[in-house]
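Shown next: work15.cif, containing mmCIF, C-alpha atoms.
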data_upload
loop_
_atom_site.label_atom_id
_atom_site.label_comp_id
_atom_site.auth_asym_id
_atom_site.auth_seq_id
_atom_site.Cartn_x
_atom_site.Cartn_y
_atom_site.Cartn_z
CA MET A 1187 23.52 44.70 40.60
CA GLU A 1188 24.89 42.78 37.70
CA GLU A 1189 23.42 43.30 34.36
CA PRO A 1190 21.53 40.27 33.17
CA SER A 1191 23.53 38.49 30.50
CA LYS A 1192 22.12 38.83 27.08
CA PHE A 1193 21.41 35.90 24.87
CA GLU A 1194 20.69 35.80 21.23
CA ARG A 1195 18.86 32.87 19.80
CA TYR A 1196 19.00 31.86 16.17
CA VAL A 1197 16.25 29.65 14.87
CA TYR A 1198 16.77 28.20 11.42
CA LYS A 1199 13.61 27.07 9.78
CA ASN A 1200 15.45 25.44 6.96
CA ALA A 1201 19.16 25.61 7.30
CA SER A 1202 20.11 23.85 4.16
CA VAL A 1203 19.48 25.05 0.65
CA TYR A 1204 19.96 21.62 -0.86
CA HIS A 1205 18.47 18.20 -0.36
CA TYR A 1206 20.60 15.11 -0.75
CA MET A 1207 19.21 11.78 -1.96
CA LYS A 1208 20.92 8.44 -1.76
CA ILE A 1209 19.52 6.23 -4.51
CA SER A 1210 20.27 2.94 -6.15
CA LEU A 1211 19.25 1.55 -9.50
CA VAL A 1212 17.90 -1.98 -9.67
CA LEU A 1213 17.90 -3.63 -13.08
CA GLU A 1214 15.96 -6.69 -14.06
CA ASN A 1215 18.82 -8.53 -15.72
CA GLY A 1216 21.44 -7.83 -13.17
CA ASN A 1217 24.29 -5.42 -13.43
CA GLN A 1218 25.26 -3.70 -16.64
CA ASN A 1219 28.08 -1.34 -17.40
CA ILE A 1220 26.52 2.02 -16.71
CA THR A 1221 28.88 4.95 -16.40
CA ASP A 1222 28.12 7.95 -14.28
CA ALA A 1223 27.35 10.03 -17.36
CA GLN A 1224 24.79 7.46 -18.53
CA PHE A 1225 23.28 7.34 -15.05
CA LYS A 1226 22.78 11.10 -15.01
CA GLN A 1227 21.43 11.00 -18.56
CA LEU A 1228 18.88 8.38 -17.49
CA ILE A 1229 17.64 10.61 -14.68
CA ILE A 1230 17.42 13.60 -17.03
CA CYS A 1231 15.38 11.50 -19.48
CA GLY A 1232 13.04 10.55 -16.68
CA LEU A 1233 12.62 14.19 -15.75
CA ARG A 1234 11.98 15.15 -19.34
CA ASP A 1235 9.35 12.43 -19.80
CA LEU A 1236 7.44 13.61 -16.78
CA TYR A 1237 8.03 17.36 -16.65
CA GLY A 1238 9.22 18.33 -20.10
CA GLU A 1239 12.12 20.54 -21.05
CA VAL A 1240 11.62 22.86 -18.10
CA GLY A 1241 11.81 19.98 -15.66
CA ALA A 1242 14.78 18.40 -17.39
CA SER A 1243 16.82 21.56 -17.21
CA PHE A 1244 16.47 21.87 -13.43
CA PRO A 1245 20.02 21.63 -12.07
CA PHE A 1246 20.97 18.66 -9.96
CA ASP A 1247 24.33 17.04 -9.31
CA LEU A 1248 25.51 13.49 -9.02
CA LEU A 1249 27.98 13.71 -6.19
CA LYS A 1250 29.09 10.12 -5.82
CA PHE A 1251 28.56 7.09 -7.98
CA ASP A 1252 29.50 3.49 -7.37
CA GLN A 1253 29.54 1.56 -10.62
CA ASN A 1254 29.56 -1.89 -9.07
CA GLU A 1255 26.58 -1.32 -6.83
CA LEU A 1256 24.87 1.28 -9.07
CA THR A 1257 24.28 3.57 -6.12
CA GLY A 1258 24.71 7.32 -6.08
CA ILE A 1259 24.15 10.51 -4.14
CA LEU A 1260 22.23 13.32 -5.80
CA ARG A 1261 22.03 16.92 -4.73
CA VAL A 1262 19.13 19.13 -5.70
CA TYR A 1263 17.72 22.47 -4.62
CA ASN A 1264 14.81 22.34 -2.19
CA SER A 1265 12.35 23.61 -4.76
CA GLY A 1266 13.15 20.77 -7.12
CA LEU A 1267 13.02 17.90 -4.64
CA VAL A 1268 9.40 16.85 -5.27
CA LYS A 1269 9.87 16.90 -9.05
CA LEU A 1270 13.09 14.93 -8.98
CA TRP A 1271 11.75 12.39 -6.51
CA SER A 1272 8.54 11.80 -8.45
CA ALA A 1273 10.51 11.46 -11.71
CA LEU A 1274 12.69 8.80 -10.09
CA THR A 1275 9.61 7.00 -8.78
CA LEU A 1276 7.85 6.83 -12.13
CA LEU A 1277 10.86 5.84 -14.17
CA GLY A 1278 10.23 2.34 -15.45
CA SER A 1279 12.61 1.30 -18.17
CA TYR A 1280 16.18 1.71 -19.24
CA GLN A 1281 16.92 0.79 -22.87
CA ASN A 1282 13.79 -1.33 -23.11
CA GLU A 1283 14.60 -3.17 -19.95
CA ALA A 1284 12.63 -2.96 -16.74
CA CYS A 1285 14.34 -1.13 -13.94
CA ALA A 1286 13.49 0.58 -10.67
CA PHE A 1287 15.04 3.35 -8.64
CA ARG A 1288 15.15 2.63 -4.93
CA VAL A 1289 15.49 5.77 -2.87
CA THR A 1290 17.39 4.79 0.26
CA GLN A 1291 17.67 8.08 2.09
CA VAL A 1292 16.66 11.70 1.67
CA SER A 1293 18.05 14.36 3.96
CA PRO A 1294 18.81 18.07 3.90
CA PHE A 1295 22.17 17.33 5.47
CA LEU A 1296 24.88 15.35 3.80
CA LEU A 1297 26.20 14.03 7.10
CA ALA A 1298 22.94 12.21 7.75
CA LEU A 1299 23.49 10.07 4.68
CA SER A 1300 26.63 8.56 6.10
CA GLY A 1301 24.84 6.61 8.80
CA ASN A 1302 21.68 4.68 8.18
CA SER A 1303 19.64 4.01 11.29
CA ARG A 1304 17.94 1.14 9.51
CA GLU A 1305 21.19 -0.74 9.37
CA LEU A 1306 22.12 0.02 12.94
CA ARG A 1307 23.11 -2.98 14.98
CA PHE A 1308 23.43 -2.63 18.72
CA GLY A 1309 24.62 -6.05 19.56
CA ASP A 1310 23.37 -9.57 19.27
CA GLN A 1311 21.43 -9.56 22.51
CA LEU A 1312 19.21 -6.66 21.45
CA ILE A 1313 18.11 -8.14 18.13
CA SER A 1314 14.71 -9.71 18.74
CA MET B 1350 1.76 6.64 13.02
CA SER B 1351 0.15 3.73 11.29
CA VAL B 1352 2.16 1.13 9.45
CA PHE B 1353 2.54 1.24 5.68
CA MET B 1354 0.34 -0.99 3.60
CA ASP B 1355 0.00 -1.85 -0.05
CA LEU B 1356 -3.48 -3.11 -0.72
CA ASN B 1357 -3.25 -4.10 -4.36
CA ILE B 1358 -0.94 -6.80 -5.61
CA ILE B 1359 -2.40 -8.52 -8.64
CA SER B 1360 -2.62 -12.22 -8.01
CA SER B 1361 -1.26 -14.69 -10.48
CA ASN B 1362 -1.05 -18.42 -10.75
CA ASP B 1363 2.72 -18.25 -10.66
CA LYS B 1364 3.59 -18.77 -7.01
CA ASN B 1365 7.22 -17.76 -7.40
CA ARG B 1366 6.32 -14.42 -8.84
CA LEU B 1367 3.92 -13.76 -5.96
CA LYS B 1368 6.61 -14.79 -3.50
CA SER B 1369 9.16 -12.41 -5.01
CA ILE B 1370 6.67 -9.53 -5.02
CA ILE B 1371 5.84 -10.06 -1.36
CA GLU B 1372 9.51 -10.34 -0.46
CA THR B 1373 10.23 -7.06 -2.25
CA ALA B 1374 7.31 -5.41 -0.45
CA ALA B 1375 8.65 -6.58 2.91
CA HIS B 1376 12.10 -5.31 1.99
CA LEU B 1377 10.68 -1.91 1.07
CA GLY B 1378 8.94 -1.53 4.41
CA TYR B 1379 5.31 -2.51 3.86
CA SER B 1380 3.84 -4.27 6.88
CA THR B 1381 0.70 -5.51 5.17
CA VAL B 1382 -0.11 -6.44 1.59
CA ALA B 1383 -3.31 -7.64 0.00
CA ILE B 1384 -3.45 -10.03 -2.96
CA ASN B 1385 -6.06 -8.83 -5.40
CA TYR B 1386 -8.26 -11.27 -7.31
CA VAL B 1387 -9.81 -9.33 -10.19
CA VAL B 1388 -13.09 -10.66 -11.53
CA GLU B 1389 -14.87 -9.38 -14.61
CA PRO B 1390 -18.27 -11.05 -14.72
CA GLN B 1391 -19.02 -10.59 -18.40
CA GLN B 1392 -20.27 -14.07 -19.05
CA LYS B 1393 -23.44 -15.51 -17.69
CA LYS B 1394 -21.72 -17.76 -15.18
CA GLN B 1395 -20.14 -15.69 -12.49
CA GLU B 1396 -17.18 -17.51 -11.07
CA ILE B 1397 -15.76 -15.94 -8.00
CA PRO B 1398 -12.36 -17.53 -7.51
CA LYS B 1399 -11.67 -18.96 -4.11
CA PRO B 1400 -8.72 -17.22 -2.52
CA GLN B 1401 -5.79 -19.48 -1.90
CA SER B 1402 -4.81 -19.65 1.72
CA VAL B 1403 -1.90 -17.38 2.46
CA SER B 1404 0.01 -20.11 4.24
CA ASP B 1405 0.28 -21.86 0.87
CA ILE B 1406 2.54 -19.15 -0.44
CA PHE B 1407 5.02 -18.98 2.37
CA ASP B 1408 6.06 -21.30 5.12
CA LYS B 1409 7.69 -18.42 6.93
CA PHE B 1410 6.72 -14.91 6.00
CA PRO B 1411 9.57 -12.47 5.29
CA ILE B 1412 10.36 -9.98 8.02
CA VAL B 1413 9.46 -6.37 7.32
CA GLN B 1414 12.58 -4.24 7.06
CA GLY B 1415 12.93 -2.07 10.12
CA LYS B 1416 10.60 -4.14 12.29
CA SER B 1417 10.82 -7.58 13.79
CA SER B 1418 7.40 -8.87 12.79
CA PRO B 1419 6.62 -10.73 9.57
CA ILE B 1420 4.59 -9.25 6.78
CA LYS B 1421 0.85 -9.77 6.88
CA VAL B 1422 -0.87 -10.98 3.69
CA LEU B 1423 -4.59 -10.57 3.06
CA ASN B 1424 -6.98 -11.47 0.26
CA ARG B 1425 -9.00 -8.96 -1.69
CA LEU B 1426 -11.62 -9.20 -4.40
CA THR B 1427 -12.20 -6.62 -7.12
CA ILE B 1428 -15.31 -6.73 -9.27
CA ILE B 1429 -15.19 -4.88 -12.58
CA ALA B 1430 -18.81 -3.84 -12.89
CA SER B 1431 -20.33 -2.56 -16.10
CA ASP B 1432 -23.85 -3.52 -15.09
CA ALA B 1433 -25.77 -3.38 -11.86
CA SER B 1434 -26.33 -7.13 -11.83
CA HIS B 1435 -22.62 -7.85 -11.74
CA PHE B 1436 -22.26 -6.95 -8.11
CA ARG B 1437 -24.21 -9.33 -5.97
CA PRO B 1438 -22.81 -9.90 -2.50
CA THR B 1439 -22.98 -13.63 -1.95
CA ASN B 1440 -21.39 -15.90 0.59
CA GLU B 1441 -18.30 -16.20 -1.55
CA TYR B 1442 -17.52 -12.55 -0.88
CA LYS B 1443 -17.22 -13.38 2.81
CA SER B 1444 -14.05 -15.39 2.29
CA PHE B 1445 -12.16 -12.27 1.24
CA ASP B 1446 -10.87 -9.72 3.72
CA LEU B 1447 -11.53 -6.74 1.45
CA VAL B 1448 -14.04 -6.18 -1.34
CA ALA B 1449 -13.55 -3.57 -4.04
CA VAL B 1450 -15.58 -2.53 -7.04
CA TYR B 1451 -14.49 -0.83 -10.27
CA PRO B 1452 -17.53 0.96 -11.68
CA LYS B 1453 -17.54 1.60 -15.40
CA THR B 1454 -20.56 3.88 -15.71
CA GLU B 1455 -21.77 6.92 -13.86
CA LYS B 1456 -24.90 5.22 -12.56
CA LEU B 1457 -22.84 2.39 -11.11
CA PHE B 1458 -20.44 4.85 -9.55
CA HIS B 1459 -23.33 6.58 -7.85
CA ALA B 1460 -24.78 3.26 -6.68
CA ALA B 1461 -21.39 2.06 -5.46
CA CYS B 1462 -20.80 5.20 -3.46
CA MET B 1463 -24.21 5.23 -1.82
CA THR B 1464 -25.45 1.69 -1.46
CA PHE B 1465 -23.00 -1.07 -2.33
CA ASP B 1466 -21.42 -2.97 0.51
CA VAL B 1467 -17.78 -2.44 -0.49
CA ASP B 1468 -14.65 -1.13 1.14
CA ILE B 1469 -12.85 0.35 -1.86
CA ILE B 1470 -13.92 2.01 -5.10
CA CYS B 1471 -11.23 1.86 -7.78
CA ILE B 1472 -10.48 4.74 -10.10
CA ALA B 1473 -9.63 4.13 -13.73
CA VAL B 1474 -5.93 4.29 -14.52
CA ALA B 1475 -5.62 2.78 -17.97
CA GLU B 1476 -8.18 4.90 -19.75
CA LYS B 1477 -9.76 8.31 -19.69
CA GLN B 1478 -12.44 8.48 -17.05
CA PRO B 1479 -15.71 8.05 -18.97
CA PHE B 1480 -17.66 10.14 -16.49
CA HIS B 1481 -16.99 13.09 -14.26
CA PHE B 1482 -16.98 12.82 -10.50
CA LYS B 1483 -19.89 14.59 -8.89
CA ARG B 1484 -19.59 15.97 -5.41
CA ALA B 1485 -22.81 14.39 -4.10
CA PRO B 1486 -21.95 10.67 -4.44
CA VAL B 1487 -18.34 11.27 -3.43
CA ASN B 1488 -19.40 12.99 -0.21
CA GLY B 1489 -21.90 10.21 0.41
CA ALA B 1490 -19.12 7.65 0.10
CA ILE B 1491 -16.88 9.64 2.45
CA ASP B 1492 -19.64 9.70 5.06
CA ARG B 1493 -20.13 5.96 4.76
CA GLY B 1494 -16.46 5.20 5.15
CA VAL B 1495 -15.76 3.96 1.63
CA PHE B 1496 -12.33 4.76 0.19
CA PHE B 1497 -11.19 5.64 -3.31
CA GLU B 1498 -8.12 3.93 -4.66
CA THR B 1499 -5.53 5.00 -7.23
CA CYS B 1500 -2.98 2.57 -8.59
CA TYR B 1501 0.40 3.74 -9.80
CA ALA B 1502 1.88 0.72 -11.57
CA ALA B 1503 0.29 1.69 -14.88
CA ALA B 1504 2.10 5.02 -14.69
CA ILE B 1505 5.41 3.18 -14.52
CA ARG B 1506 4.70 0.92 -17.46
CA ASP B 1507 3.52 3.32 -20.12
CA THR B 1508 3.68 7.07 -20.73
CA THR B 1509 0.16 7.34 -22.12
CA MET B 1510 -1.29 5.63 -19.08
CA ARG B 1511 0.83 7.94 -16.95
CA ARG B 1512 -1.17 10.89 -18.25
CA TYR B 1513 -4.47 9.13 -17.59
CA THR B 1514 -3.45 8.14 -14.08
CA ILE B 1515 -2.38 11.65 -13.14
CA ALA B 1516 -5.39 13.28 -14.81
CA ASN B 1517 -7.93 10.98 -13.14
CA ALA B 1518 -6.21 11.28 -9.79
CA ILE B 1519 -6.15 15.08 -9.91
CA SER B 1520 -9.81 15.31 -10.86
CA LEU B 1521 -10.70 12.98 -8.00
CA MET B 1522 -8.68 15.00 -5.50
CA GLU B 1523 -10.44 18.13 -6.68
CA VAL B 1524 -13.82 16.70 -5.76
CA CYS B 1525 -13.05 14.86 -2.57
CA LYS B 1526 -10.57 17.42 -1.15
CA GLY B 1527 -8.02 14.75 -0.38
CA LYS B 1528 -10.15 12.76 2.05
CA ASN B 1529 -10.59 8.98 1.95
CA ILE B 1530 -7.88 8.31 -0.61
CA ILE B 1531 -5.60 5.34 -0.69
CA MET B 1532 -2.76 4.74 -3.10
CA SER B 1533 -1.60 1.28 -3.96
CA SER B 1534 0.63 -0.34 -6.48
CA GLY B 1535 -1.34 -2.75 -8.66
CA ALA B 1536 1.99 -4.40 -9.30
CA GLU B 1537 2.38 -7.52 -11.40
CA ARG B 1538 6.14 -7.74 -11.03
CA PRO B 1539 8.48 -6.97 -8.16
CA LEU B 1540 10.18 -4.16 -10.07
CA GLU B 1541 6.93 -2.23 -10.24
CA LEU B 1542 6.79 -1.71 -6.49
CA ARG B 1543 7.98 1.52 -4.96
CA GLY B 1544 8.76 2.44 -1.39
CA PRO B 1545 6.11 4.02 0.85
CA TYR B 1546 7.78 7.42 1.06
CA ASP B 1547 8.10 7.49 -2.74
CA ILE B 1548 4.35 7.02 -2.96
CA ALA B 1549 3.75 9.72 -0.38
CA ASN B 1550 5.78 12.03 -2.59
CA LEU B 1551 3.69 10.98 -5.58
CA GLY B 1552 0.66 12.10 -3.62
CA LEU B 1553 2.14 15.58 -3.64
CA VAL B 1554 2.21 15.45 -7.44
CA PHE B 1555 -1.47 14.48 -7.35
CA SER B 1556 -2.10 17.76 -5.48
CA LEU B 1557 -2.64 16.21 -2.07
CA SER B 1558 -1.31 17.97 1.00
CA GLU B 1559 1.70 16.42 2.75
CA GLY B 1560 -0.31 15.02 5.62
CA ASP B 1561 -2.96 13.59 3.29
CA ALA B 1562 -0.33 12.04 1.04
CA LYS B 1563 1.31 10.15 3.87
CA ALA B 1564 -2.08 9.15 5.28
CA ALA B 1565 -2.98 7.70 1.87
CA VAL B 1566 -0.36 5.02 2.39
CA SER B 1567 -0.75 4.44 6.10
CA THR B 1568 -3.71 5.67 8.11
CA ASN B 1569 -6.37 5.40 5.42
CA CYS B 1570 -5.24 1.88 4.52
CA ARG B 1571 -5.66 0.85 8.14
CA ALA B 1572 -9.15 2.35 8.10
CA VAL B 1573 -9.98 0.25 5.01
CA LEU B 1574 -8.82 -2.88 6.81
CA LEU B 1575 -11.03 -2.15 9.79
CA HIS B 1576 -13.96 -1.40 7.50
CA GLY B 1577 -13.43 -4.79 5.89
CA GLU B 1578 -13.44 -6.50 9.24
CA THR B 1579 -16.67 -4.89 10.31
CA ARG B 1580 -18.42 -6.17 7.21
CA ALA B 1581 -18.61 -9.57 8.89
CA THR B 1582 -20.13 -8.12 12.05
CA ALA B 1583 -23.37 -6.48 13.08
CA SER B 1584 -22.68 -2.74 12.80
CA GLY B 1585 -19.17 -3.33 14.04
CA VAL B 1586 -20.38 -4.03 17.58
CA VAL B 1587 -21.14 -7.74 17.70
CA TYR B 1588 -19.04 -10.36 15.99
CA THR B 1589 -18.87 -14.12 15.97
CA MET B 1590 -15.79 -16.05 16.87
CA LYS B 1591 -15.05 -19.69 16.49
CA LYS B 1592 -15.17 -21.30 19.91
CA PRO B 1593 -12.21 -23.52 20.79
CA LYS B 1594 -13.23 -27.16 21.08
CA THR B 1595 -13.61 -28.32 24.71
CA PRO B 1596 -12.02 -31.72 25.41
CA GLN B 1597 -14.52 -34.56 25.62
CA LYS B 1598 -15.20 -36.08 29.05
CA GLN B 1599 -14.01 -39.66 29.55
CA GLU B 1600 -16.43 -42.58 29.67
CA GLU B 1601 -15.63 -43.71 33.29
CA GLU B 1602 -16.75 -40.46 34.79
CA SER B 1603 -20.36 -40.60 33.61
CA PRO B 1604 -21.73 -42.97 36.28
CA VAL B 1605 -20.16 -40.78 38.95
CA SER B 1606 -21.84 -37.64 37.68
CA LYS B 1607 -25.21 -39.33 37.65
CA LYS B 1608 -25.23 -39.26 41.42
CA CYS B 1609 -27.46 -36.57 42.76
CA MET B 1610 -25.56 -33.57 44.04
CA ARG B 1611 -28.14 -32.45 46.59
CA CYS B 1612 -28.31 -35.56 48.68
CA SER B 1613 -25.76 -38.10 47.65
CA ALA B 1614 -28.00 -40.93 48.83
CA HIS B 1615 -29.89 -41.93 45.73
CA SER B 1616 -29.26 -41.57 42.04
CA TRP B 1617 -32.27 -39.39 41.30
CA CYS B 1618 -33.57 -36.54 43.31
CA PRO B 1619 -37.34 -36.06 43.56
CA VAL B 1620 -36.89 -32.30 43.89
CA LEU B 1621 -34.76 -31.76 40.83
CA THR B 1622 -36.67 -34.02 38.49
CA ALA B 1623 -39.83 -32.03 39.07
CA THR B 1624 -38.41 -28.99 37.30
#
How would this structure read if it were set down as structure tokens?
Amino acid sequence: MEEPSKFERYVYKNASVYHYMKISLVLENGNQNITDAQFKQLIICGLRDLYGEVGASFPFDLLKFDQNELTGILRVYNSGLVKLWSALTLLGSYQNEACAFRVTQVSPFLLALSGNSRELRFGDQLIS
Amino acid sequence: MSVFMDLNIISSNDKNRLKSIIETAAHLGYSTVAINYVVEPQQKKQEIPKPQSVSDIFDKFPIVQGKSSPIKVLNRLTIIASDASHFRPTNEYKSFDLVAVYPKTEKLFHAACMTFDVDIICIAVAEKQPFHFKRAPVNGAIDRGVFFETCYAAAIRDTTMRRYTIANAISLMEVCKGKNIIMSSGAERPLELRGPYDIANLGLVFSLSEGDAKAAVSTNCRAVLLHGETRATASGVVYTMKKPKTPQKQEEESPVSKKCMRCSAHSWCPVLTAT
């Protein structure tokens, strides 16, 4: 009789250590010249206002930044996601000017940020 | 899962500003918004403003992003009550879809939780809560189906108000264990709105659980809407509906109908007229 083939099953509860966020900054008076360093500094200020020095020193990275659209991709450890996200939500002003962060996508996998199912178009006949 | 709703957009006389706020809300993914008319009856004459019809604002409502249906706009009234006589449900309240009260004293808070005919009780965001929440009235309100509301726009505007908002919200969550909470914007400008998932994440900061935080923006808001609808009914079972007008009969047909239907011989029937 043949031996039954053995299988091994791996179940990952949380495969990724990081979370990636695609965000964009909306300013009241239209576009200004914000460099990537200023963008990151703005986010760190927001973290410091809400969570203090300990929150501001939590490491996160700005992976991509588009200066014309003011959009970027952030990477943060899983434990810091809630803090970073809430700091972005409550950030209200940049240099005495009203602004808002719009979080477009959040995903533990970077590949998921490349396609947005909200902008998916099947074809003209399927759009109701 | 229920759709996302934002039940507090401060109304203003500037129509363009209201239009841009509602367009931003539709773009962010909210399927329903409510325009809030805030009334503070300090003077003797209590003027309840009449809500402007929603079709005045838009000819064609903006489509909610991600769905194909337009955004729904409702009217809501908030009474800032510092005295028990300020809240008197009159007929003018009936023209609003939702009624909310903002109690300023502990006695009013207790009365609002137990007896007032409201849908929403607002929690202070711009100042330190002058009284502590007691478990008894809060549980009474939860049993009755009244919801507590926290607004987050003040937290975006000012850092001092941010502390008050978070402190009041956390003390409320402590008492009510995360039940019957809704979170709404209280936005006066389009840049003060935030997306629904951002607000669900803010609920986590207010020490809600993940399920409760998402429900605060979706399921509980739907429950508030239904509670508001049942206010116009009898215990939510019987309701009145406007009957569509039946077309009037023409003049030539009336002599024909006068003929007796039993025996089409004469115009009046001795049997039927006896009844």
Would you write out, as JSON lines, a table of all residues in chain A that have an atom no more than 12 Å from an atom of chain B, listing for each the closest atom pair and the distance in Å to one decimal, considering all atoms listed in the file and ordering rows by chain and rising residue number?
{"residue": "A:Met1207", "atom": "CA", "partner": "B:Asp1547", "partner_atom": "CA", "distance": 11.9}
{"residue": "A:Ile1209", "atom": "CA", "partner": "B:Asp1547", "partner_atom": "CA", "distance": 11.6}
{"residue": "A:Leu1211", "atom": "CA", "partner": "B:Leu1540", "partner_atom": "CA", "distance": 10.7}
{"residue": "A:Val1212", "atom": "CA", "partner": "B:Leu1540", "partner_atom": "CA", "distance": 8.0}
{"residue": "A:Leu1213", "atom": "CA", "partner": "B:Leu1540", "partner_atom": "CA", "distance": 8.3}
{"residue": "A:Glu1214", "atom": "CA", "partner": "B:Leu1540", "partner_atom": "CA", "distance": 7.5}
{"residue": "A:Asn1215", "atom": "CA", "partner": "B:Leu1540", "partner_atom": "CA", "distance": 11.2}
{"residue": "A:Gly1232", "atom": "CA", "partner": "B:Thr1508", "partner_atom": "CA", "distance": 10.8}
{"residue": "A:Arg1234", "atom": "CA", "partner": "B:Thr1508", "partner_atom": "CA", "distance": 11.7}
{"residue": "A:Asp1235", "atom": "CA", "partner": "B:Thr1508", "partner_atom": "CA", "distance": 7.9}
{"residue": "A:Leu1236", "atom": "CA", "partner": "B:Thr1508", "partner_atom": "CA", "distance": 8.5}
{"residue": "A:Tyr1237", "atom": "CA", "partner": "B:Val1554", "partner_atom": "CA", "distance": 11.1}
{"residue": "A:Leu1267", "atom": "CA", "partner": "B:Asn1550", "partner_atom": "CA", "distance": 9.5}
{"residue": "A:Val1268", "atom": "CA", "partner": "B:Asn1550", "partner_atom": "CA", "distance": 6.6}
{"residue": "A:Lys1269", "atom": "CA", "partner": "B:Val1554", "partner_atom": "CA", "distance": 8.0}
{"residue": "A:Leu1270", "atom": "CA", "partner": "B:Asn1550", "partner_atom": "CA", "distance": 10.1}
{"residue": "A:Trp1271", "atom": "CA", "partner": "B:Asn1550", "partner_atom": "CA", "distance": 7.2}
{"residue": "A:Ser1272", "atom": "CA", "partner": "B:Leu1551", "partner_atom": "CA", "distance": 5.7}
{"residue": "A:Ala1273", "atom": "CA", "partner": "B:Leu1551", "partner_atom": "CA", "distance": 9.2}
{"residue": "A:Leu1274", "atom": "CA", "partner": "B:Asp1547", "partner_atom": "CA", "distance": 8.8}
{"residue": "A:Thr1275", "atom": "CA", "partner": "B:Asp1547", "partner_atom": "CA", "distance": 6.2}
{"residue": "A:Leu1276", "atom": "CA", "partner": "B:Ile1505", "partner_atom": "CA", "distance": 5.0}
{"residue": "A:Leu1277", "atom": "CA", "partner": "B:Ile1505", "partner_atom": "CA", "distance": 6.1}
{"residue": "A:Gly1278", "atom": "CA", "partner": "B:Ile1505", "partner_atom": "CA", "distance": 5.0}
{"residue": "A:Ser1279", "atom": "CA", "partner": "B:Arg1506", "partner_atom": "CA", "distance": 8.0}
{"residue": "A:Tyr1280", "atom": "CA", "partner": "B:Arg1506", "partner_atom": "CA", "distance": 11.6}
{"residue": "A:Asn1282", "atom": "CA", "partner": "B:Arg1506", "partner_atom": "CA", "distance": 10.9}
{"residue": "A:Glu1283", "atom": "CA", "partner": "B:Leu1540", "partner_atom": "CA", "distance": 10.9}
{"residue": "A:Ala1284", "atom": "CA", "partner": "B:Leu1540", "partner_atom": "CA", "distance": 7.2}
{"residue": "A:Cys1285", "atom": "CA", "partner": "B:Leu1540", "partner_atom": "CA", "distance": 6.4}
{"residue": "A:Ala1286", "atom": "CA", "partner": "B:Leu1540", "partner_atom": "CA", "distance": 5.8}
{"residue": "A:Phe1287", "atom": "CA", "partner": "B:Arg1543", "partner_atom": "CA", "distance": 8.2}
{"residue": "A:Arg1288", "atom": "CA", "partner": "B:Arg1543", "partner_atom": "CA", "distance": 7.3}
{"residue": "A:Val1289", "atom": "CA", "partner": "B:Asp1547", "partner_atom": "CA", "distance": 7.6}
{"residue": "A:Thr1290", "atom": "CA", "partner": "B:Gly1544", "partner_atom": "CA", "distance": 9.1}
{"residue": "A:Gln1291", "atom": "CA", "partner": "B:Tyr1546", "partner_atom": "CA", "distance": 10.0}
{"residue": "A:Val1292", "atom": "CA", "partner": "B:Tyr1546", "partner_atom": "CA", "distance": 9.9}
{"residue": "A:Asn1302", "atom": "CA", "partner": "B:Gly1415", "partner_atom": "CA", "distance": 11.2}
{"residue": "A:Ser1303", "atom": "CA", "partner": "B:Gly1415", "partner_atom": "CA", "distance": 9.1}
{"residue": "A:Arg1304", "atom": "CA", "partner": "B:Gly1415", "partner_atom": "CA", "distance": 6.0}
{"residue": "A:Glu1305", "atom": "CA", "partner": "B:Gly1415", "partner_atom": "CA", "distance": 8.4}
{"residue": "A:Leu1306", "atom": "CA", "partner": "B:Gly1415", "partner_atom": "CA", "distance": 9.8}
{"residue": "A:Arg1307", "atom": "CA", "partner": "B:Gly1415", "partner_atom": "CA", "distance": 11.3}
{"residue": "A:Leu1312", "atom": "CA", "partner": "B:Ser1417", "partner_atom": "CA", "distance": 11.4}
{"residue": "A:Ile1313", "atom": "CA", "partner": "B:Ser1417", "partner_atom": "CA", "distance": 8.5}
{"residue": "A:Ser1314", "atom": "CA", "partner": "B:Ser1417", "partner_atom": "CA", "distance": 6.6}
Neighbour list for Ser1533 (chain B) as a VMD selection string, cut-off 8 Å, all atoms listed in the file, skip fewer than 5 positions in-chain: chain B and resid 1355 to 1357 1498 to 1501 1566
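Checking B:Ile1515, B:Ala1565, B:Ala1485, B:Ala1430 one by one against Ile1530 (chain B), counting only C-alpha atoms, you find the shortest gap at B:Ala1565.
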As a check of understanding, name the residues that the PyMOL selection byres ((chain B and resi 1360-1372) around 9) selects in the supplied structure, as a CSV table (one decimal) with C-alpha atoms, in the frame of the given file.
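Writing the result to out-v2.csv gives the following:
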chain,number,residue,atom,x,y,z
B,1357,ASN,CA,-3.2,-4.1,-4.4
B,1358,ILE,CA,-0.9,-6.8,-5.6
B,1359,ILE,CA,-2.4,-8.5,-8.6
B,1373,THR,CA,10.2,-7.1,-2.2
B,1374,ALA,CA,7.3,-5.4,-0.4
B,1375,ALA,CA,8.6,-6.6,2.9
B,1376,HIS,CA,12.1,-5.3,2.0
B,1377,LEU,CA,10.7,-1.9,1.1
B,1382,VAL,CA,-0.1,-6.4,1.6
B,1384,ILE,CA,-3.4,-10.0,-3.0
B,1385,ASN,CA,-6.1,-8.8,-5.4
B,1386,TYR,CA,-8.3,-11.3,-7.3
B,1387,VAL,CA,-9.8,-9.3,-10.2
B,1406,ILE,CA,2.5,-19.2,-0.4
B,1407,PHE,CA,5.0,-19.0,2.4
B,1410,PHE,CA,6.7,-14.9,6.0
B,1411,PRO,CA,9.6,-12.5,5.3
B,1412,ILE,CA,10.4,-10.0,8.0
B,1413,VAL,CA,9.5,-6.4,7.3
B,1420,ILE,CA,4.6,-9.2,6.8
B,1422,VAL,CA,-0.9,-11.0,3.7
B,1536,ALA,CA,2.0,-4.4,-9.3
B,1537,GLU,CA,2.4,-7.5,-11.4
B,1538,ARG,CA,6.1,-7.7,-11.0
B,1539,PRO,CA,8.5,-7.0,-8.2
B,1540,LEU,CA,10.2,-4.2,-10.1
B,1541,GLU,CA,6.9,-2.2,-10.2
B,1542,LEU,CA,6.8,-1.7,-6.5
